[in-house]
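Colleague: Following this message is one structure expressed as structure tokens.
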Amino acid sequence: MGAIAAAWWWLATPINLARAPIDPSAKLQCISYSPFRNTQTSSTATPVSREQIAEDFVGLAKITDCVRTYADDLGLDQVPELAAKAGLKVIQGIWLSKDRQKNATQISTAIRLAQQYPDTIAALVVGNEVLLHREMTVSDLAALIRSVKAQVPVPVTYSDVWEYWLRYRELYDTVDFITIHILPYWENVPIPAKAAAAHVDAVRKQVAAAFPGKEILIGETGWPSEGRMRESALPSRTNQARVISEVLELARREHFRVNLFEAYDELWKHEFEGAVGASWGLFDSAGRTLKYPPGIPVSNYPLWKLQMSGGMALAIVIFGVAGLTLRRKPRQTGLASWLAVGLSATTAGILLGVAAQKMFYESYGVVNWLQWGTLLAAATASPLFAANALMAGRAPPTFLELMGPKEYQTPSPLTLMHGLVWIVIIVIGTDTALGFVFDPREKDFPYASLTMAAIPFLAMTLLNRPRKGIRPMAESIFVGVFLLAAIYMGFSEGSDNWQSLWTSGAYVLLAMTLWRARA
């Protein structure tokens, strides 16, 4: 209980910032706005109602003077009118792609809005990261920018990641000001949160030197609150709050314009970009509430007391199962077995809350929720079954006992249930391991659930291993998969990514357990 309490006290330690991320007395200059909620997405052409946008603007007007949009379809053409009523300015986006017909519609709508609301629309952004995504040639883009600029009474710009502005400097003469995106987390060499603000300032100065005489707007900068690490760049609530606080303080001190990315979490992006893509907002998606209310210290685990209590309850139940097993079937049990139960209970008590929070933020869609929910359930059951097995002297079940010919199958219902837990862990663990080898970019690391599951099984195989028998073929194949995935991840993700290293360690524990199996 003491170890679990101490771990959660440390995990939940809040940070105090010199400048609050959201300060009602010092409004944000501008913030990116997307109206889509819950199952609404731009990819499935979900129209957005006036009431929904107006409701958002009531909350946003309290923290910012301006919103930036990226398109003008699906109801977003209502933004300038509703923003004017809320007292907000708009940096109006025009979404460009390879579809020329849609481009023409986007452009004509934006020109109409700029002519109709010149006092509300502060600027038009003709295209967003078009060159980065190779949607258009630079000459075609420049021609469109000049065409739009000739028809509107407001400034015109183009937005892209900063490297592409330096690569395509011929756009310099086509725009009224330069709009660059600086996202330290997504840099080719990821920047850690502690260095993010300094990186933003250094890049801004580099671009300003390359384009003298043009104002530089940082059109996107921010940090994700959830998701996978990239090298030393760790998404977290405290890191998001720290980066935003430090960038805003730097902008105030150095007198440059900055638009934060973004207002609301966009859950629909989870399908394409993982938990990271869905977690850049300063407001949560469902409740539209601030993540970091003014005056409240920022913690990575705001519900830590509930998570700690749940972990302690699980640890008590694990010890209860061990004691009850000995009462029903008394046998001579050594200190090692009790230490193994204690280790399993302590590990599960600490990691249950971490795994549950990861499942909540990293799950999207029925299949995803089913996968991570099943893994968490199996990981929670693992130390319970292991406590019974350690006290009873039972070896871990093999796949042959569970699914082999009848003469090999176990008659014990308890062993069958324990084996089902083992199968779930190995199958989902293998799926994640192969994912990190072949398509790792948006994959989240399931280190908490896998560790909860792996330690009890390894303890069983070390203490209750069968002395005779052959190593089964199925277990040997899985050993190879887990070891190769662990080695590959160690090289591909880098030594600074502790989430990757921890997950690789869990794969090694599973491989050790499988290697010692005998049938």
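By convention in this document, the chains of the structure tokens carry letters A, B, ... by their order, each chain's residues are numbered from 1, and ligands are numbered from 1 in the order they are shown.
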Could you name the residues that touch A:Gln307 at 12 Å or less, counting only C-alpha atoms, but leaving out those on the same chain fewer than 6 positions away, as an MDAnalysis selection string?
Modeller: chainID A and resid 4:5 7:9 11:12 301 313:314 348:357
Colleague: What is the atom CA of A:Leu335-atom CA of A:Ile318 distance in Å, reported with one decimal?
Modeller: 16.3 Å
Colleague: Within 8 Å of stretch 280-298 of chain A, which residues of stretch 143-238 of chain A come that close, and what is the closest atom pair and distance in Å for each? Count only C-alpha atoms and give it as a tab-separated table.
Modeller:
```
residue	atom	partner	partner_atom	distance
A:Gly222	CA	A:Trp280	CA	7.0
A:Trp223	CA	A:Trp280	CA	6.0
A:Pro224	CA	A:Trp280	CA	4.4
A:Ser225	CA	A:Trp280	CA	6.3
A:Arg237	CA	A:Val298	CA	7.2
A:Thr238	CA	A:Val298	CA	5.9
```
Colleague: For stretch 321-375 of chain A against stretch 256-270 of chain A, with a cut-off of 12 Å and counting only C-alpha atoms, what is the closest atom pair and its distance in Å to one decimal for every residue that makes the cut, ordered by chain and number, as CSV?
Modeller:
```
residue,atom,partner,partner_atom,distance
A:Phe360,CA,A:Leu267,CA,11.8
A:Tyr361,CA,A:Leu267,CA,9.4
A:Glu362,CA,A:His270,CA,7.9
A:Ser363,CA,A:His270,CA,8.2
A:Tyr364,CA,A:His270,CA,6.5
A:Gly365,CA,A:His270,CA,9.1
A:Asn368,CA,A:His270,CA,10.4
```
Colleague: I want to know what sits within 12 Å of A:Ala474, based on only C-alpha atoms, with residues of the same chain fewer than 6 positions away left out; could you give that as a list in words?
Modeller: Thr398, Phe399, Leu400, Glu401, Met403, Gly404, Ile423, Ile426, Val427, Gly480, Val481, Ala511, Leu514, Trp515, Ala517, Arg518 and Ala519 of chain A
Colleague: Enumerate the residues of stretch 178-396 of chain A with a DSSP assignment of strand (DSSP E or B), computed from the backbone, and present them as a PyMOL selection string.
Modeller: chain A and resi 178-181+216-221+230+233+257-260+264+283+290+298
Colleague: Can you write just those residues out, C-alpha atoms, as a compact mmCIF listing (two decimals), in the first residue's frame?
Modeller:
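Listed below is the output, out.txt:
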```
# COMPACT_ATOMS: atom_id res chain seq x y z
CA ILE A 178 4.61 34.98 -43.98
CA THR A 179 2.69 32.31 -42.03
CA ILE A 180 4.85 29.48 -40.71
CA HIS A 181 4.06 26.35 -38.69
CA ILE A 216 6.16 36.66 -39.63
CA LEU A 217 3.05 35.04 -38.15
CA ILE A 218 3.55 31.75 -36.35
CA GLY A 219 0.40 30.17 -37.74
CA GLU A 220 0.62 26.96 -35.71
CA THR A 221 2.51 26.01 -32.58
CA ARG A 230 8.84 10.56 -30.52
CA ALA A 233 9.36 14.46 -27.17
CA ARG A 257 2.39 37.20 -33.39
CA VAL A 258 1.42 33.63 -32.60
CA ASN A 259 -1.63 31.48 -33.31
CA LEU A 260 -1.91 28.45 -31.01
CA TYR A 264 -10.47 21.86 -29.12
CA PHE A 283 -10.36 22.37 -24.46
CA LEU A 290 -10.73 23.99 -20.37
CA VAL A 298 -1.47 21.20 -13.74
```
